[in-house]
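Have a look at the structure below, then the notes.
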Amino acid sequence: MKSCCFTGHRSLPAGRELTLLSEKTKAAIENAYADGFTRFIAGGAVGFDLLCERLILEAKKQHPDISLAVYIPCKEQAYKFAPADKLLYERLNAAADELLILSNTYYSGCMHVRNRRMVDDSSLCIAYLTKPQGGTASTVAYAKSKGVSVIIL
């Protein structure tokens, strides 16, 4: 089974820019599916991760062989989420085909470990990257260093 992971920023654009990002992400998912990718991995974070999880579940309606795996860095990931984001997180996790919790407790670096695990388990990475530093940039650099194909939206 070919796996594709997502990485992106927690802050998303608004209005028309968000619509365009969603359309580009849907197209990237469809193209990946056409190339034989059926397992999609997201990290459960607010922003791009939750957007991708929702889009994968939508795509699954047309392509029932698609699966969504959510890699959770620690059980407390959603502890500080806004109430609406926490509800969305819980709803999407409940609909996921696979939920992998990497640690029972938060520790410094657990997000980094989660990101690397997603890349290690993938051969394609779809990224929403607008800044040259931070967790998303680090994950994209790691994917490239491991020979994982990267699509930057």
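The chains in the structure tokens are called A, B, ... from first to last as shown; in each chain the residues are counted from 1, and the ligands are counted from 1 in the order shown.
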Report task. List every residue of range 17-148 of chain A that DSSP, applied to the backbone of this structure, assigns to strand (DSSP E), and report them as a VMD selection string. Result -> chain A and resid 37 to 42 67 to 72 98 to 101 124 to 128
With a distance cut-off of 6 Å and only C-alpha atoms, select the neighbouring residues of range 98-115 of chain A, excluding the residue or stretch itself and same-chain residues fewer than 4 positions from it, and output the selection as a PDB file with C-alpha atoms, in the first residue's frame.
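In the end it all went to out.pdb:
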ATOM      1  CA  ALA A  69      -4.236   7.273   9.313  1.00  0.00           C
ATOM      2  CA  VAL A  70      -3.825   9.930  12.001  1.00  0.00           C
ATOM      3  CA  TYR A  71      -0.506   9.989  13.843  1.00  0.00           C
ATOM      4  CA  ILE A  72      -1.005  11.641  17.224  1.00  0.00           C
ATOM      5  CA  PRO A  73       2.226  12.806  18.923  1.00  0.00           C
ATOM      6  CA  CYS A  74       0.778  12.484  22.441  1.00  0.00           C
ATOM      7  CA  LYS A  75      -2.569  11.870  24.103  1.00  0.00           C
TER       8      LYS A  75
END
Requested in this report: Could you check how far CA of Ser67 in chain A sits from CA of Glu30 in chain A, in Å to one decimal?
Outcome: 13.4 Å
Dump as CSV the rows for residues of range 40-125 of chain A within 6 Å of range 1-9 of chain A: closest atom pair and distance in Å with one decimal, only C-alpha atoms counted, ordered by chain and rising residue number.
residue,atom,partner,partner_atom,distance
A:Phe40,CA,A:Cys4,CA,4.9
A:Ile41,CA,A:Cys5,CA,4.4
A:Ala42,CA,A:Phe6,CA,5.4
A:Phe48,CA,A:Gly8,CA,5.2
A:Ser122,CA,A:Ser3,CA,4.7
A:Leu124,CA,A:Cys4,CA,4.6
A:Cys125,CA,A:Cys5,CA,4.8
Query - Members of range 46-111 of chain A assigned alpha helix (DSSP H) by DSSP, as number ranges by chain - result: A: 48-62, 83-95, 110-111
Got a sec: who's within 8 Å of range 79-94 of chain A, counting only C-alpha atoms, leaving out chain neighbours fewer than 4 positions off, as a PDB file with N, CA, C and O atoms, in the first residue's frame?
ATOM      1  N   GLY A  44      -3.026  15.398  12.833  1.00  0.00           N
ATOM      2  CA  GLY A  44      -4.017  15.785  13.819  1.00  0.00           C
ATOM      3  C   GLY A  44      -3.892  17.193  14.378  1.00  0.00           C
ATOM      4  O   GLY A  44      -4.611  17.551  15.294  1.00  0.00           O
ATOM      5  N   VAL A  46      -4.128  21.378  14.452  1.00  0.00           N
ATOM      6  CA  VAL A  46      -5.030  22.410  13.960  1.00  0.00           C
ATOM      7  C   VAL A  46      -4.448  22.971  12.669  1.00  0.00           C
ATOM      8  O   VAL A  46      -3.241  23.019  12.468  1.00  0.00           O
ATOM      9  N   LEU A  50      -5.926  19.152   9.936  1.00  0.00           N
ATOM     10  CA  LEU A  50      -7.360  18.890  10.054  1.00  0.00           C
ATOM     11  C   LEU A  50      -8.069  19.117   8.719  1.00  0.00           C
ATOM     12  O   LEU A  50      -8.993  18.372   8.369  1.00  0.00           O
ATOM     13  N   GLU A  53      -7.390  15.993   6.704  1.00  0.00           N
ATOM     14  CA  GLU A  53      -8.168  14.857   7.213  1.00  0.00           C
ATOM     15  C   GLU A  53      -9.608  14.930   6.705  1.00  0.00           C
ATOM     16  O   GLU A  53     -10.169  13.928   6.248  1.00  0.00           O
ATOM     17  N   ARG A  54     -10.177  16.117   6.739  1.00  0.00           N
ATOM     18  CA  ARG A  54     -11.550  16.298   6.247  1.00  0.00           C
ATOM     19  C   ARG A  54     -11.625  16.002   4.753  1.00  0.00           C
ATOM     20  O   ARG A  54     -12.536  15.292   4.292  1.00  0.00           O
ATOM     21  N   VAL A  70      -4.163   8.720  11.257  1.00  0.00           N
ATOM     22  CA  VAL A  70      -3.825   9.930  12.001  1.00  0.00           C
ATOM     23  C   VAL A  70      -2.761   9.557  13.022  1.00  0.00           C
ATOM     24  O   VAL A  70      -2.977   8.669  13.860  1.00  0.00           O
ATOM     25  N   LEU A  99      -5.578   5.121  14.025  1.00  0.00           N
ATOM     26  CA  LEU A  99      -5.164   6.166  14.952  1.00  0.00           C
ATOM     27  C   LEU A  99      -3.946   5.637  15.695  1.00  0.00           C
ATOM     28  O   LEU A  99      -4.038   4.649  16.412  1.00  0.00           O
TER      29      LEU A  99
END
Report task. Mind checking which residues fall within 12 Å of Ile29 in chain A, counting only C-alpha atoms, ignoring those fewer than 3 positions away in the same chain, and posting them as a PyMOL selection string? Result -> chain A and resi 3-6+22-26+32-41+52-60+63+66-68+124-127+151+153
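Atom to atom, CA of Thr139 in chain A and CA of Arg16 in chain A stand 26.7 Å apart.
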Report task. One decimal, Å: what's the distance from CA of Pro132 in chain A over to CA of Ala78 in chain A, could you say? Result -> 25.9 Å
